[in-house]
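Read through the structure below, which is laid out as structure tokens, and then see the notes.
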Amino acid sequence: MAKDKPSFHIQRLLSKIASKFPPTDEPEVFTDIHLRVSQDTGDVMAYDDDDKEITRVVVDEWINCPLETEEFYKQAYKVIKDSIEQGNYQLGILPPYNFVLESDTGEHIAEIYVVDDDDTTILGTPFMQDLEKDLDDFITNLMKEE
């Protein structure tokens, strides 16, 4: 894999994260992994729930990326999701936990990867994509029945 590809840098980031949370028989760490991506600097920074930086990489191709902000985050989401899927990273973190994509200011963009208590993993979360609309429709239909 060429070193100039965004996926190379993201896989490096994921490997660094995995090295900080190696799998154990009795994991004690309880946290999510927050990935903050900067369109200006190309930084991808990993934080825990306490806002402590775990590690970071710079994706050169994302520095001053000319894409519209929403398109940039869609591209970053896809690269990160694909990298997690290809890497099969094992972490010593107590489930449930997830990888969350955030803006460089910490604004929630999307959940990328969810590990549930029963070892269920969900890559991407298309089922949650229209959750708010589904809940609104459910309540509307419920109100009609009364």
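Every chain in the structure tokens has a letter given in the order shown (A, B, ...), and although residue numbers restart at 1 in each chain, ligands are simply numbered from 1 in the order shown.
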*Skip Ala110 (chain A) itself and residues of its chain fewer than 4 positions away, then list as a PyMOL selection string all residues within 8 Å of it, counting only C-alpha atoms.*
chain A and resi 77+100-102
*Using only C-alpha atoms, which residues sit within 9 Å of Phe72 (chain A) once same-chain residues fewer than 6 positions away are excluded, as an NGL selection string?*
:A and (39 or 62 or 65-66)
Writing out the chosen residues with N, CA and C atoms as a compact mmCIF listing (two decimals), in the first residue's frame:
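As a result, again_33.txt now contains:
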```txt
# COMPACT_ATOMS: atom_id res chain seq x y z
N GLN A 39 -9.95 19.43 8.59
CA GLN A 39 -9.87 19.67 7.15
C GLN A 39 -8.76 20.68 6.83
N TRP A 62 -5.43 15.47 3.16
CA TRP A 62 -6.56 16.18 3.77
C TRP A 62 -6.20 17.59 4.21
N CYS A 65 -8.08 20.56 2.37
CA CYS A 65 -8.89 19.84 1.38
C CYS A 65 -9.94 20.76 0.79
N PRO A 66 -10.03 20.84 -0.54
CA PRO A 66 -10.94 21.79 -1.18
C PRO A 66 -12.40 21.33 -1.19
```
_Could you list, as a ChimeraX atom specification, every residue within 12 Å of Asp82 (chain A), counting only C-alpha atoms and ignoring same-chain residues fewer than 5 positions away?_
/A:6-8,10-11,14,75-77,87-88,112-113,123-124
*Using DSSP on the backbone coordinates, identify the residues of region 20-144 of chain A assigned to strand (DSSP E); present them as a PyMOL selection string.*
chain A and resi 33-37+43-47+53-58+97-103+108-115+121-123
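Neighbouring residues of Asp51 (chain A) at 10 Å or closer, counting only C-alpha atoms and skipping chain neighbours under 3 positions away, are A:Ile33, A:His34, A:Ala46, A:Tyr47, A:Asp48, A:Ile54, A:Gly106.
Between CA of Asp116 (chain A) and CA of Val57 (chain A) there is a distance of 27.2 Å.
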*Any chance you could list, as JSON, numbers by chain, the residues in region 55-114 of chain A that come up alpha helix (DSSP H) when DSSP is run on the backbone?*
{"A": [69, 70, 71, 72, 73, 74, 75, 76, 77, 78, 79, 80, 81, 82, 83, 84, 85, 86, 87]}
Preceding selection exported with N, CA, C and O atoms as a PDB file, in the first residue's frame:
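This went into again05.pdb:
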```pdb
ATOM      1  N   THR A  69     -17.354  20.967   3.304  1.00  0.00           N
ATOM      2  CA  THR A  69     -17.185  20.340   4.616  1.00  0.00           C
ATOM      3  C   THR A  69     -17.914  19.005   4.715  1.00  0.00           C
ATOM      4  O   THR A  69     -17.342  18.010   5.156  1.00  0.00           O
ATOM      5  N   GLU A  70     -19.168  18.953   4.302  1.00  0.00           N
ATOM      6  CA  GLU A  70     -19.945  17.718   4.394  1.00  0.00           C
ATOM      7  C   GLU A  70     -19.323  16.612   3.551  1.00  0.00           C
ATOM      8  O   GLU A  70     -19.231  15.461   3.990  1.00  0.00           O
ATOM      9  N   GLU A  71     -18.863  16.943   2.357  1.00  0.00           N
ATOM     10  CA  GLU A  71     -18.219  15.951   1.498  1.00  0.00           C
ATOM     11  C   GLU A  71     -16.896  15.479   2.087  1.00  0.00           C
ATOM     12  O   GLU A  71     -16.533  14.312   1.979  1.00  0.00           O
ATOM     13  N   PHE A  72     -16.167  16.404   2.686  1.00  0.00           N
ATOM     14  CA  PHE A  72     -14.908  16.038   3.332  1.00  0.00           C
ATOM     15  C   PHE A  72     -15.159  14.998   4.420  1.00  0.00           C
ATOM     16  O   PHE A  72     -14.459  13.982   4.499  1.00  0.00           O
ATOM     17  N   TYR A  73     -16.160  15.233   5.282  1.00  0.00           N
ATOM     18  CA  TYR A  73     -16.442  14.289   6.364  1.00  0.00           C
ATOM     19  C   TYR A  73     -16.960  12.952   5.825  1.00  0.00           C
ATOM     20  O   TYR A  73     -16.664  11.901   6.395  1.00  0.00           O
ATOM     21  N   LYS A  74     -17.695  12.982   4.735  1.00  0.00           N
ATOM     22  CA  LYS A  74     -18.138  11.719   4.112  1.00  0.00           C
ATOM     23  C   LYS A  74     -16.918  10.920   3.652  1.00  0.00           C
ATOM     24  O   LYS A  74     -16.858   9.707   3.819  1.00  0.00           O
ATOM     25  N   GLN A  75     -15.945  11.602   3.034  1.00  0.00           N
ATOM     26  CA  GLN A  75     -14.731  10.933   2.565  1.00  0.00           C
ATOM     27  C   GLN A  75     -13.939  10.384   3.757  1.00  0.00           C
ATOM     28  O   GLN A  75     -13.494   9.237   3.740  1.00  0.00           O
ATOM     29  N   ALA A  76     -13.770  11.197   4.792  1.00  0.00           N
ATOM     30  CA  ALA A  76     -13.026  10.759   5.979  1.00  0.00           C
ATOM     31  C   ALA A  76     -13.727   9.564   6.623  1.00  0.00           C
ATOM     32  O   ALA A  76     -13.070   8.583   6.998  1.00  0.00           O
ATOM     33  N   TYR A  77     -15.038   9.621   6.738  1.00  0.00           N
ATOM     34  CA  TYR A  77     -15.826   8.525   7.316  1.00  0.00           C
ATOM     35  C   TYR A  77     -15.574   7.225   6.557  1.00  0.00           C
ATOM     36  O   TYR A  77     -15.293   6.191   7.152  1.00  0.00           O
ATOM     37  N   LYS A  78     -15.635   7.304   5.239  1.00  0.00           N
ATOM     38  CA  LYS A  78     -15.465   6.099   4.419  1.00  0.00           C
ATOM     39  C   LYS A  78     -14.056   5.520   4.573  1.00  0.00           C
ATOM     40  O   LYS A  78     -13.893   4.313   4.728  1.00  0.00           O
ATOM     41  N   VAL A  79     -13.048   6.369   4.534  1.00  0.00           N
ATOM     42  CA  VAL A  79     -11.664   5.894   4.673  1.00  0.00           C
ATOM     43  C   VAL A  79     -11.457   5.244   6.039  1.00  0.00           C
ATOM     44  O   VAL A  79     -10.876   4.163   6.142  1.00  0.00           O
ATOM     45  N   ILE A  80     -11.966   5.871   7.095  1.00  0.00           N
ATOM     46  CA  ILE A  80     -11.798   5.316   8.441  1.00  0.00           C
ATOM     47  C   ILE A  80     -12.569   4.008   8.576  1.00  0.00           C
ATOM     48  O   ILE A  80     -12.044   3.022   9.085  1.00  0.00           O
ATOM     49  N   LYS A  81     -13.806   3.982   8.124  1.00  0.00           N
ATOM     50  CA  LYS A  81     -14.634   2.766   8.198  1.00  0.00           C
ATOM     51  C   LYS A  81     -13.971   1.623   7.446  1.00  0.00           C
ATOM     52  O   LYS A  81     -13.843   0.510   7.968  1.00  0.00           O
ATOM     53  N   ASP A  82     -13.523   1.885   6.232  1.00  0.00           N
ATOM     54  CA  ASP A  82     -12.866   0.844   5.432  1.00  0.00           C
ATOM     55  C   ASP A  82     -11.577   0.361   6.094  1.00  0.00           C
ATOM     56  O   ASP A  82     -11.270  -0.832   6.074  1.00  0.00           O
ATOM     57  N   SER A  83     -10.831   1.266   6.692  1.00  0.00           N
ATOM     58  CA  SER A  83      -9.578   0.892   7.355  1.00  0.00           C
ATOM     59  C   SER A  83      -9.842   0.014   8.571  1.00  0.00           C
ATOM     60  O   SER A  83      -9.118  -0.956   8.813  1.00  0.00           O
ATOM     61  N   ILE A  84     -10.869   0.337   9.337  1.00  0.00           N
ATOM     62  CA  ILE A  84     -11.220  -0.493  10.492  1.00  0.00           C
ATOM     63  C   ILE A  84     -11.641  -1.880  10.009  1.00  0.00           C
ATOM     64  O   ILE A  84     -11.213  -2.890  10.566  1.00  0.00           O
ATOM     65  N   GLU A  85     -12.449  -1.909   8.988  1.00  0.00           N
ATOM     66  CA  GLU A  85     -12.954  -3.179   8.448  1.00  0.00           C
ATOM     67  C   GLU A  85     -11.806  -4.054   7.932  1.00  0.00           C
ATOM     68  O   GLU A  85     -11.769  -5.254   8.185  1.00  0.00           O
ATOM     69  N   GLN A  86     -10.853  -3.466   7.242  1.00  0.00           N
ATOM     70  CA  GLN A  86      -9.732  -4.223   6.677  1.00  0.00           C
ATOM     71  C   GLN A  86      -8.734  -4.656   7.742  1.00  0.00           C
ATOM     72  O   GLN A  86      -8.091  -5.692   7.609  1.00  0.00           O
ATOM     73  N   GLY A  87      -8.612  -3.882   8.819  1.00  0.00           N
ATOM     74  CA  GLY A  87      -7.585  -4.143   9.805  1.00  0.00           C
ATOM     75  C   GLY A  87      -7.933  -5.160  10.866  1.00  0.00           C
ATOM     76  O   GLY A  87      -7.053  -5.764  11.448  1.00  0.00           O
TER      77      GLY A  87
END
```
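Distance annotation: of A:Met143, A:Leu94, A:Val115, A:Val58, the residue with the minimal separation from Thr24 (chain A) is A:Leu94; atom set is only C-alpha atoms.
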